[in-house]
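**Q** Contents of input33.txt (compact mmCIF, C-alpha atoms):
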```txt
# COMPACT_ATOMS: atom_id res chain seq x y z
CA MET A 1 18.48 3.26 -11.94
CA ARG A 2 19.15 6.82 -12.92
CA VAL A 3 15.67 8.31 -12.37
CA LEU A 4 15.39 6.97 -8.82
CA ILE A 5 18.91 8.03 -7.85
CA GLU A 6 18.26 11.52 -9.16
CA ARG A 7 15.02 11.71 -7.20
CA ILE A 8 16.77 10.65 -3.99
CA MET A 9 19.44 13.28 -4.62
CA LYS A 10 16.74 15.91 -5.15
CA ASP A 11 14.12 15.01 -2.53
CA GLY A 12 15.71 12.49 -0.15
CA ARG A 13 16.97 13.69 3.20
CA ASN A 14 19.69 12.26 5.40
CA LEU A 15 18.31 12.54 8.93
CA GLY A 16 21.42 11.09 10.55
CA ASN A 17 21.96 7.68 12.18
CA GLY A 18 21.52 6.05 8.77
CA ILE A 19 17.91 7.20 8.43
CA LEU A 20 17.03 8.21 4.87
CA LYS A 21 13.81 10.18 4.57
CA VAL A 22 12.02 9.47 1.30
CA ASP A 23 8.56 10.44 2.56
CA GLY A 24 8.04 12.80 -0.36
CA PHE A 25 7.93 10.10 -3.05
CA ILE A 26 7.89 6.61 -1.46
CA ASN A 27 6.87 6.37 2.21
CA HIS A 28 4.08 8.84 2.94
CA GLN A 29 3.57 10.73 -0.27
CA VAL A 30 3.97 8.43 -3.28
CA ASP A 31 4.85 9.47 -6.81
CA PRO A 32 2.86 6.90 -8.83
CA MET A 33 4.69 7.66 -12.08
CA LEU A 34 8.09 7.07 -10.46
CA MET A 35 6.74 3.93 -8.80
CA ASP A 36 5.53 2.70 -12.16
CA GLU A 37 8.97 3.17 -13.70
CA CYS A 38 10.58 1.36 -10.77
CA GLY A 39 8.10 -1.49 -11.06
CA LYS A 40 8.80 -1.82 -14.76
CA GLU A 41 12.54 -1.98 -14.11
CA LEU A 42 12.18 -4.57 -11.33
CA ALA A 43 9.91 -6.66 -13.56
CA ALA A 44 12.56 -6.57 -16.30
CA ARG A 45 15.34 -7.60 -13.94
CA PHE A 46 13.34 -10.58 -12.66
CA ALA A 47 11.74 -11.57 -15.95
CA ASN A 48 13.52 -14.91 -16.03
CA VAL A 49 13.33 -16.21 -12.44
CA GLY A 50 10.02 -18.00 -12.97
CA ALA A 51 8.19 -16.20 -10.16
CA THR A 52 4.55 -17.16 -9.61
CA ARG A 53 3.83 -14.64 -6.87
CA VAL A 54 5.18 -11.41 -5.35
CA LEU A 55 5.47 -11.13 -1.58
CA THR A 56 6.02 -7.91 0.35
CA ALA A 57 5.40 -6.42 3.79
CA GLU A 58 2.96 -3.69 4.67
CA ILE A 59 3.12 -0.75 4.51
CA SER A 60 5.73 0.78 2.30
CA GLY A 61 6.49 -2.34 0.30
CA ILE A 62 3.00 -2.34 -1.19
CA ALA A 63 3.50 0.35 -3.82
CA PRO A 64 6.67 -1.05 -5.44
CA ALA A 65 5.41 -4.64 -5.17
CA ILE A 66 2.14 -3.87 -6.94
CA SER A 67 3.91 -1.85 -9.63
CA ALA A 68 6.33 -4.69 -10.38
CA ALA A 69 3.64 -7.37 -10.19
CA ARG A 70 1.44 -5.55 -12.66
CA TYR A 71 4.19 -5.74 -15.26
CA MET A 72 4.82 -9.40 -14.40
CA LYS A 73 1.07 -10.19 -14.34
CA LEU A 74 1.40 -11.86 -10.93
CA PRO A 75 -0.62 -11.64 -7.72
CA VAL A 76 0.89 -9.74 -4.79
CA VAL A 77 0.59 -10.78 -1.17
CA TYR A 78 1.51 -8.31 1.54
CA ALA A 79 2.34 -9.65 4.98
CA ARG A 80 0.13 -7.99 7.59
CA LYS A 81 1.43 -6.62 10.88
CA HIS A 82 -1.87 -7.27 12.64
CA LYS A 83 -4.16 -10.21 12.03
CA PRO A 84 -7.49 -8.90 10.70
CA ILE A 85 -10.76 -10.64 11.53
CA THR A 86 -11.06 -11.79 7.92
CA MET A 87 -7.97 -14.00 8.27
CA PRO A 88 -8.31 -17.67 9.24
CA ASP A 89 -7.37 -18.82 12.75
CA THR A 90 -4.19 -20.54 11.65
CA VAL A 91 -1.60 -18.43 9.84
CA TYR A 92 2.11 -18.14 9.15
CA LEU A 93 3.63 -15.64 11.57
CA THR A 94 7.16 -14.50 12.21
CA VAL A 95 8.68 -11.57 14.07
CA ALA A 96 11.28 -9.15 12.78
CA PRO A 97 12.94 -6.10 14.30
CA SER A 98 11.52 -2.84 12.95
CA HIS A 99 14.20 -0.74 11.36
CA THR A 100 12.65 2.63 12.09
CA LYS A 101 10.81 1.89 15.33
CA GLY A 102 13.27 -0.13 17.38
CA ASN A 103 10.75 -2.76 18.48
CA MET A 104 9.72 -6.13 17.05
CA VAL A 105 6.87 -6.34 14.57
CA GLU A 106 4.88 -9.36 13.48
CA LEU A 107 4.64 -10.39 9.85
CA ILE A 108 1.57 -12.51 9.14
CA VAL A 109 0.51 -14.30 5.96
CA SER A 110 -2.59 -16.40 5.44
CA PRO A 111 -1.92 -19.90 4.05
CA GLU A 112 -4.75 -19.20 1.59
CA TYR A 113 -2.47 -16.91 -0.41
CA LEU A 114 0.91 -18.58 -0.03
CA PRO A 115 0.44 -22.15 -1.25
CA ARG A 116 3.12 -24.83 -1.12
CA GLY A 117 5.37 -24.90 -4.17
CA GLU A 118 4.94 -21.24 -5.15
CA LYS A 119 7.97 -19.43 -6.55
CA VAL A 120 8.14 -16.20 -4.62
CA LEU A 121 9.70 -12.90 -5.65
CA ILE A 122 10.17 -10.70 -2.58
CA ILE A 123 9.88 -6.94 -3.21
CA ASP A 124 10.33 -4.21 -0.61
CA ASP A 125 11.13 -0.53 -0.51
CA PHE A 126 14.41 -0.84 1.42
CA LEU A 127 17.16 -3.40 1.82
CA ALA A 128 19.03 -2.27 4.93
CA SER A 129 19.87 -4.80 7.64
CA GLY A 130 17.80 -7.35 5.74
CA SER A 131 15.77 -8.37 8.79
CA THR A 132 12.33 -7.66 7.33
CA ILE A 133 13.17 -9.45 4.10
CA LEU A 134 14.60 -12.37 6.06
CA GLY A 135 11.27 -12.51 7.89
CA LEU A 136 9.50 -12.76 4.52
CA VAL A 137 11.93 -15.54 3.56
CA ARG A 138 11.01 -17.46 6.73
CA LEU A 139 7.30 -17.08 5.96
CA THR A 140 7.89 -18.39 2.44
CA GLN A 141 9.83 -21.38 3.72
CA ALA A 142 7.22 -22.09 6.41
CA ALA A 143 4.65 -22.30 3.61
CA GLY A 144 6.74 -24.81 1.67
CA ALA A 145 7.32 -22.24 -1.06
CA VAL A 146 10.61 -21.11 -2.56
CA VAL A 147 12.19 -17.66 -2.81
CA VAL A 148 13.44 -17.05 -6.36
CA GLY A 149 14.54 -13.42 -6.10
CA ILE A 150 14.70 -10.31 -3.94
CA GLY A 151 14.19 -6.81 -5.32
CA THR A 152 14.19 -3.45 -3.56
CA LEU A 153 14.06 0.19 -4.51
CA ILE A 154 16.88 1.39 -2.25
CA GLU A 155 19.73 -0.58 -0.70
CA LYS A 156 21.90 0.77 2.07
CA THR A 157 24.90 -1.40 1.36
CA PHE A 158 26.65 -0.31 4.55
CA GLU A 159 24.04 -2.12 6.67
CA GLY A 160 25.01 -5.56 5.42
CA GLY A 161 21.61 -6.93 4.43
CA ARG A 162 22.84 -8.38 1.14
CA ASN A 163 25.42 -10.44 2.99
CA LEU A 164 22.77 -11.76 5.38
CA LEU A 165 20.68 -12.92 2.42
CA SER A 166 23.52 -14.28 0.29
CA SER A 167 23.17 -17.87 1.50
CA LEU A 168 19.81 -18.05 -0.30
CA ASN A 169 21.68 -18.00 -3.63
CA VAL A 170 19.00 -15.98 -5.39
CA PRO A 171 19.40 -12.79 -7.42
CA ILE A 172 19.20 -9.62 -5.31
CA GLU A 173 18.50 -6.41 -7.21
CA SER A 174 18.26 -2.88 -5.86
CA LEU A 175 17.48 0.11 -8.06
CA ALA A 176 19.58 2.57 -6.04
CA CYS A 177 22.52 1.54 -3.86
CA ILE A 178 23.73 3.89 -1.14
CA SER A 179 27.19 3.10 0.15
CA SER A 180 27.47 5.79 2.81
CA MET A 181 25.39 8.33 4.67
CA GLU A 182 28.24 9.75 6.73
CA ASP A 183 28.98 13.47 7.06
CA ASN A 184 25.35 14.28 6.25
CA LYS A 185 25.89 13.14 2.65
CA ILE A 186 24.18 10.47 0.55
CA THR A 187 26.81 8.59 -1.45
CA PHE A 188 25.70 6.20 -4.18
CA SER A 189 27.79 3.20 -5.17
CA ASP A 190 26.60 3.14 -8.76
CA MET B 1 -18.24 -1.67 -12.60
CA ARG B 2 -18.90 -5.07 -14.06
CA VAL B 3 -15.44 -6.62 -13.65
CA LEU B 4 -15.22 -5.75 -9.94
CA ILE B 5 -18.76 -6.92 -9.18
CA GLU B 6 -18.08 -10.23 -10.92
CA ARG B 7 -14.87 -10.68 -8.94
CA ILE B 8 -16.69 -10.02 -5.66
CA MET B 9 -19.35 -12.55 -6.68
CA LYS B 10 -16.64 -15.09 -7.50
CA ASP B 11 -14.06 -14.55 -4.72
CA GLY B 12 -15.68 -12.35 -2.07
CA ARG B 13 -17.03 -13.98 1.07
CA ASN B 14 -19.79 -12.84 3.38
CA LEU B 15 -18.46 -13.57 6.87
CA GLY B 16 -21.61 -12.35 8.60
CA ASN B 17 -22.19 -9.19 10.65
CA GLY B 18 -21.70 -7.12 7.50
CA ILE B 19 -18.07 -8.21 7.07
CA LEU B 20 -17.12 -8.75 3.44
CA LYS B 21 -13.89 -10.66 2.93
CA VAL B 22 -12.03 -9.55 -0.18
CA ASP B 23 -8.60 -10.69 1.00
CA GLY B 24 -8.03 -12.64 -2.19
CA PHE B 25 -7.87 -9.62 -4.49
CA ILE B 26 -7.86 -6.36 -2.46
CA ASN B 27 -6.88 -6.59 1.22
CA HIS B 28 -4.12 -9.16 1.68
CA GLN B 29 -3.55 -10.59 -1.74
CA VAL B 30 -3.91 -7.93 -4.42
CA ASP B 31 -4.70 -8.51 -8.09
CA PRO B 32 -2.69 -5.70 -9.71
CA MET B 33 -4.45 -6.03 -13.07
CA LEU B 34 -7.89 -5.64 -11.45
CA MET B 35 -6.57 -2.76 -9.38
CA ASP B 36 -5.30 -1.10 -12.53
CA GLU B 37 -8.71 -1.35 -14.18
CA CYS B 38 -10.38 0.05 -11.05
CA GLY B 39 -7.89 2.92 -10.93
CA LYS B 40 -8.52 3.73 -14.57
CA GLU B 41 -12.28 3.81 -13.97
CA LEU B 42 -11.96 6.01 -10.86
CA ALA B 43 -9.67 8.38 -12.77
CA ALA B 44 -12.25 8.65 -15.55
CA ARG B 45 -15.08 9.37 -13.12
CA PHE B 46 -13.10 12.16 -11.43
CA ALA B 47 -11.45 13.56 -14.53
CA ASN B 48 -13.25 16.89 -14.21
CA VAL B 49 -13.11 17.70 -10.47
CA GLY B 50 -9.79 19.54 -10.70
CA ALA B 51 -8.00 17.39 -8.11
CA THR B 52 -4.38 18.26 -7.38
CA ARG B 53 -3.70 15.41 -4.97
CA VAL B 54 -5.07 12.01 -3.92
CA LEU B 55 -5.45 11.24 -0.21
CA THR B 56 -6.03 7.80 1.26
CA ALA B 57 -5.47 5.88 4.49
CA GLU B 58 -3.04 3.05 5.03
CA ILE B 59 -3.20 0.16 4.50
CA SER B 60 -5.76 -1.08 2.06
CA GLY B 61 -6.50 2.29 0.46
CA ILE B 62 -2.97 2.48 -0.94
CA ALA B 63 -3.43 0.15 -3.90
CA PRO B 64 -6.57 1.75 -5.40
CA ALA B 65 -5.31 5.27 -4.63
CA ILE B 66 -2.02 4.73 -6.43
CA SER B 67 -3.74 3.09 -9.38
CA ALA B 68 -6.14 6.00 -9.81
CA ALA B 69 -3.46 8.63 -9.21
CA ARG B 70 -1.21 7.15 -11.85
CA TYR B 71 -3.90 7.67 -14.47
CA MET B 72 -4.55 11.19 -13.16
CA LYS B 73 -0.81 11.96 -12.90
CA LEU B 74 -1.21 13.18 -9.32
CA PRO B 75 0.76 12.53 -6.12
CA VAL B 76 -0.80 10.27 -3.50
CA VAL B 77 -0.58 10.84 0.24
CA TYR B 78 -1.54 8.05 2.58
CA ALA B 79 -2.44 8.92 6.14
CA ARG B 80 -0.28 6.94 8.56
CA LYS B 81 -1.65 5.17 11.62
CA HIS B 82 1.63 5.57 13.51
CA LYS B 83 3.92 8.57 13.34
CA PRO B 84 7.27 7.44 11.91
CA ILE B 85 10.52 9.04 13.02
CA THR B 86 10.88 10.64 9.60
CA MET B 87 7.80 12.80 10.19
CA PRO B 88 8.11 16.32 11.62
CA ASP B 89 7.11 16.99 15.23
CA THR B 90 3.94 18.84 14.31
CA VAL B 91 1.40 16.99 12.19
CA TYR B 92 -2.29 16.80 11.38
CA LEU B 93 -3.86 14.02 13.44
CA THR B 94 -7.40 12.80 13.85
CA VAL B 95 -8.94 9.65 15.28
CA ALA B 96 -11.51 7.44 13.63
CA PRO B 97 -13.20 4.20 14.70
CA SER B 98 -11.77 1.14 12.96
CA HIS B 99 -14.44 -0.71 11.07
CA THR B 100 -12.91 -4.15 11.40
CA LYS B 101 -11.12 -3.84 14.73
CA GLY B 102 -13.65 -2.09 16.98
CA ASN B 103 -11.12 0.36 18.46
CA MET B 104 -10.07 3.88 17.51
CA VAL B 105 -7.15 4.41 15.13
CA GLU B 106 -5.13 7.54 14.49
CA LEU B 107 -4.84 9.03 11.02
CA ILE B 108 -1.76 11.21 10.65
CA VAL B 109 -0.62 13.42 7.76
CA SER B 110 2.48 15.55 7.58
CA PRO B 111 1.82 19.20 6.65
CA GLU B 112 4.69 18.82 4.17
CA TYR B 113 2.47 16.82 1.84
CA LEU B 114 -0.93 18.43 2.37
CA PRO B 115 -0.43 22.14 1.65
CA ARG B 116 -3.12 24.78 2.06
CA GLY B 117 -5.31 25.24 -1.00
CA GLU B 118 -4.87 21.74 -2.43
CA LYS B 119 -7.85 20.12 -4.11
CA VAL B 120 -8.04 16.66 -2.63
CA LEU B 121 -9.60 13.54 -4.11
CA ILE B 122 -10.13 10.95 -1.36
CA ILE B 123 -9.82 7.31 -2.47
CA ASP B 124 -10.32 4.26 -0.26
CA ASP B 125 -11.12 0.59 -0.66
CA PHE B 126 -14.45 0.66 1.24
CA LEU B 127 -17.20 3.15 1.91
CA ALA B 128 -19.13 1.63 4.81
CA SER B 129 -20.02 3.80 7.80
CA GLY B 130 -17.91 6.57 6.29
CA SER B 131 -15.95 7.18 9.48
CA THR B 132 -12.46 6.65 8.01
CA ILE B 133 -13.26 8.86 5.03
CA LEU B 134 -14.73 11.49 7.32
CA GLY B 135 -11.41 11.39 9.21
CA LEU B 136 -9.58 12.08 5.95
CA VAL B 137 -12.00 14.96 5.31
CA ARG B 138 -11.14 16.45 8.74
CA LEU B 139 -7.41 16.17 7.99
CA THR B 140 -7.95 17.92 4.66
CA GLN B 141 -9.91 20.71 6.28
CA ALA B 142 -7.34 21.08 9.08
CA ALA B 143 -4.73 21.65 6.39
CA GLY B 144 -6.79 24.38 4.75
CA ALA B 145 -7.31 22.20 1.70
CA VAL B 146 -10.58 21.26 0.00
CA VAL B 147 -12.15 17.88 -0.73
CA VAL B 148 -13.33 17.74 -4.34
CA GLY B 149 -14.43 14.10 -4.58
CA ILE B 150 -14.62 10.74 -2.84
CA GLY B 151 -14.09 7.45 -4.66
CA THR B 152 -14.12 3.90 -3.36
CA LEU B 153 -13.98 0.41 -4.75
CA ILE B 154 -16.84 -1.06 -2.73
CA GLU B 155 -19.70 0.69 -1.00
CA LYS B 156 -21.94 -1.01 1.52
CA THR B 157 -24.92 1.25 1.03
CA PHE B 158 -26.74 -0.24 4.03
CA GLU B 159 -24.18 1.27 6.42
CA GLY B 160 -25.11 4.85 5.60
CA GLY B 161 -21.70 6.34 4.86
CA ARG B 162 -22.88 8.19 1.77
CA ASN B 163 -25.48 9.99 3.83
CA LEU B 164 -22.87 10.99 6.42
CA LEU B 165 -20.73 12.53 3.67
CA SER B 166 -23.53 14.16 1.69
CA SER B 167 -23.20 17.56 3.38
CA LEU B 168 -19.82 17.96 1.67
CA ASN B 169 -21.61 18.35 -1.67
CA VAL B 170 -18.90 16.57 -3.62
CA PRO B 171 -19.27 13.68 -6.06
CA ILE B 172 -19.09 10.26 -4.38
CA GLU B 173 -18.36 7.33 -6.67
CA SER B 174 -18.15 3.64 -5.80
CA LEU B 175 -17.32 0.96 -8.33
CA ALA B 176 -19.46 -1.74 -6.70
CA CYS B 177 -22.45 -1.00 -4.46
CA ILE B 178 -23.70 -3.68 -2.10
CA SER B 179 -27.20 -3.06 -0.79
CA SER B 180 -27.53 -6.06 1.49
CA MET B 181 -25.48 -8.84 3.06
CA GLU B 182 -28.36 -10.51 4.86
CA ASP B 183 -29.12 -14.24 4.70
CA ASN B 184 -25.47 -14.95 3.86
CA LYS B 185 -25.92 -13.35 0.42
CA ILE B 186 -24.18 -10.44 -1.28
CA THR B 187 -26.78 -8.29 -3.07
CA PHE B 188 -25.63 -5.55 -5.43
CA SER B 189 -27.69 -2.46 -6.05
CA ASP B 190 -26.45 -1.92 -9.58
```
Would you mind writing the file's structure down as structure tokens?

**A**
Amino acid sequence: MRVLIERIMKDGRNLGNGILKVDGFINHQVDPMLMDECGKELAARFANVGATRVLTAEISGIAPAISAARYMKLPVVYARKHKPITMPDTVYLTVAPSHTKGNMVELIVSPEYLPRGEKVLIIDDFLASGSTILGLVRLTQAAGAVVVGIGTLIEKTFEGGRNLLSSLNVPIESLACISSMEDNKITFSD
Amino acid sequence: MRVLIERIMKDGRNLGNGILKVDGFINHQVDPMLMDECGKELAARFANVGATRVLTAEISGIAPAISAARYMKLPVVYARKHKPITMPDTVYLTVAPSHTKGNMVELIVSPEYLPRGEKVLIIDDFLASGSTILGLVRLTQAAGAVVVGIGTLIEKTFEGGRNLLSSLNVPIESLACISSMEDNKITFSD
């Protein structure tokens, strides 16, 4: 998606070790107009998968998930990392390695908002190693629901996440694909 | 705002001790269409304050802040609770008591995205005791920026937050005002 790629080229920063800083428009400061365009594009790409619900993970998945879901007229559920007191005692919980922190984080969804039989579109900001998204897949399966698609803003193809998720046999769409971050560059594959 | 009040009456739950559960449409599952309407209304109410930036706190402030900011065509910054590795070494940090957890949480903003002189509209999901919003005010002031308005989806007027913030002399707008949660009821003041 041209507008997102151009924005990464302009404002993204390669911090080394495969870390892409997009804090100026996605992860800390958010550009709502860009996010709206990205959501519209994701909604178009998944218009025909029959999704009944969008699932994401807090924190940085929330903005793109809500933008896409608004165009699809679907509810969004974001997996929590800490169980709030408003959540019931019994929940779906899985653990996934945190990409930017090095430790394990919990991903928690209340059964109230992930009923059996739902067709789930997973949206997140990044597809890198795929471990967070795979955690969301496990939560979906634990609920007796089905993943029908996976969409992200930015994919780092060199981290292999797409391969990890390929056995699901669902469409995987990323709006900007980065094939290399070596030599302090950001190289796009499209 | 009629549509939000009706939704709280339909899907909100009074869990006792002043805890209002709105996990079905704001805090865990999000209704993006409702959030869009709320954002539009907040944008209209603050159309004339001259805001140059919207500031909120992760996690549940993100959705209403982005919705309002999209209508106002402004960037959003959400204060982080943990400093990610993409953030510079020196940041603005304050602590605020967590309303639903009982402990203190950190609120962190990078100076990159809160420049001196900015006119900041603070948006959050709840105005209760006002302590989180007051934390965002301190961050704004630390940055040499100015708060020009405070908007929330739901205000619990019986917790006194509005009074705490009144010395700022800025407009405070809430889309649904709850005056009492006693006797297992939810009583609105408008």

**Q** What lies within 9 Å of range 11-21 of chain B using all atoms listed in the file, ignoring chain neighbours under 3 positions off, as a PDB file with C-alpha atoms, keeping the file's coordinate frame?

**A**
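Dumped everything to result_32.pdb:
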```pdb
ATOM      1  CA  ILE A  85     -10.760 -10.640  11.530  1.00  0.00           C
ATOM      2  CA  THR A  86     -11.060 -11.790   7.920  1.00  0.00           C
ATOM      3  CA  MET A  87      -7.970 -14.000   8.270  1.00  0.00           C
TER       4      MET A  87
ATOM      5  CA  GLU B   6     -18.080 -10.230 -10.920  1.00  0.00           C
ATOM      6  CA  ARG B   7     -14.870 -10.680  -8.940  1.00  0.00           C
ATOM      7  CA  ILE B   8     -16.690 -10.020  -5.660  1.00  0.00           C
ATOM      8  CA  GLY B  24      -8.030 -12.640  -2.190  1.00  0.00           C
ATOM      9  CA  PHE B  25      -7.870  -9.620  -4.490  1.00  0.00           C
ATOM     10  CA  ASN B  27      -6.880  -6.590   1.220  1.00  0.00           C
ATOM     11  CA  THR B 100     -12.910  -4.150  11.400  1.00  0.00           C
ATOM     12  CA  LYS B 156     -21.940  -1.010   1.520  1.00  0.00           C
ATOM     13  CA  GLU B 159     -24.180   1.270   6.420  1.00  0.00           C
ATOM     14  CA  SER B 180     -27.530  -6.060   1.490  1.00  0.00           C
ATOM     15  CA  MET B 181     -25.480  -8.840   3.060  1.00  0.00           C
ATOM     16  CA  GLU B 182     -28.360 -10.510   4.860  1.00  0.00           C
ATOM     17  CA  ASP B 183     -29.120 -14.240   4.700  1.00  0.00           C
ATOM     18  CA  ASN B 184     -25.470 -14.950   3.860  1.00  0.00           C
ATOM     19  CA  LYS B 185     -25.920 -13.350   0.420  1.00  0.00           C
ATOM     20  CA  ILE B 186     -24.180 -10.440  -1.280  1.00  0.00           C
TER      21      ILE B 186
END
```

**Q** List every residue of chain B that has an atom at most 6 Å from any atom of chain A, and for each one report the closest atom pair and its distance in Å to one decimal, counting all atoms listed in the file, with rows sorted by chain and then by increasing residue number, as CSV.

**A**
```
residue,atom,partner,partner_atom,distance
B:Lys21,CA,A:Thr86,CA,5.8
B:His28,CA,A:Tyr78,CA,5.7
B:Gln29,CA,A:Val77,CA,4.2
B:Val30,CA,A:Val76,CA,5.1
B:Asp31,CA,A:Pro75,CA,5.2
B:Pro32,CA,A:Arg70,CA,5.1
B:Met33,CA,A:Arg70,CA,5.9
B:Ile66,CA,A:Pro32,CA,5.9
B:Arg70,CA,A:Pro32,CA,5.1
B:Pro75,CA,A:Asp31,CA,5.2
B:Val76,CA,A:Val30,CA,5.1
B:Val77,CA,A:Gln29,CA,4.2
B:Tyr78,CA,A:His28,CA,5.7
B:Thr86,CA,A:Lys21,CA,5.8
```

**Q** Do you have the CA of Phe126 in chain A-CA of Ile154 in chain A distance handy?

**A** 5.0 Å

**Q** What is the CA of Val105 in chain B-CA of His82 in chain B distance in Å, reported with one decimal?

**A** 9.0 Å

**Q** Give, as lines of an AutoDock Vina configuration file, the centre coordinates and the x, y and z edge lengths in Å to one decimal for an axis-aligned box around all listed atoms of range 160-170 of chain B, padded by 8 Å on each side.

**A**
```
center_x = -22.2
center_y = 11.6
center_z = 1.4
size_x = 22.6
size_y = 29.5
size_z = 26.0
```

**Q** Can you measure CA of Glu173 in chain B to CA of Leu127 in chain B for me? One decimal in Å is fine.

**A**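 Computing the Euclidean distance for CA of Glu173 in chain B and CA of Leu127 in chain B yields 9.6 Å.
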
**Q** List as number ranges by chain the protein and nucleic acid residues near Leu139 in chain A, meaning an atom at most 7 Å away when only C-alpha atoms are counted, but skip any in the same chain fewer than 5 places from it.

**A** A: 92-94

**Q** Using all atoms listed in the file for the distances, tell me which of B:Val49, B:Ala128, B:Leu4, B:Ile122 is nearest to Asn163 in chain B.

**A** B:Ala128
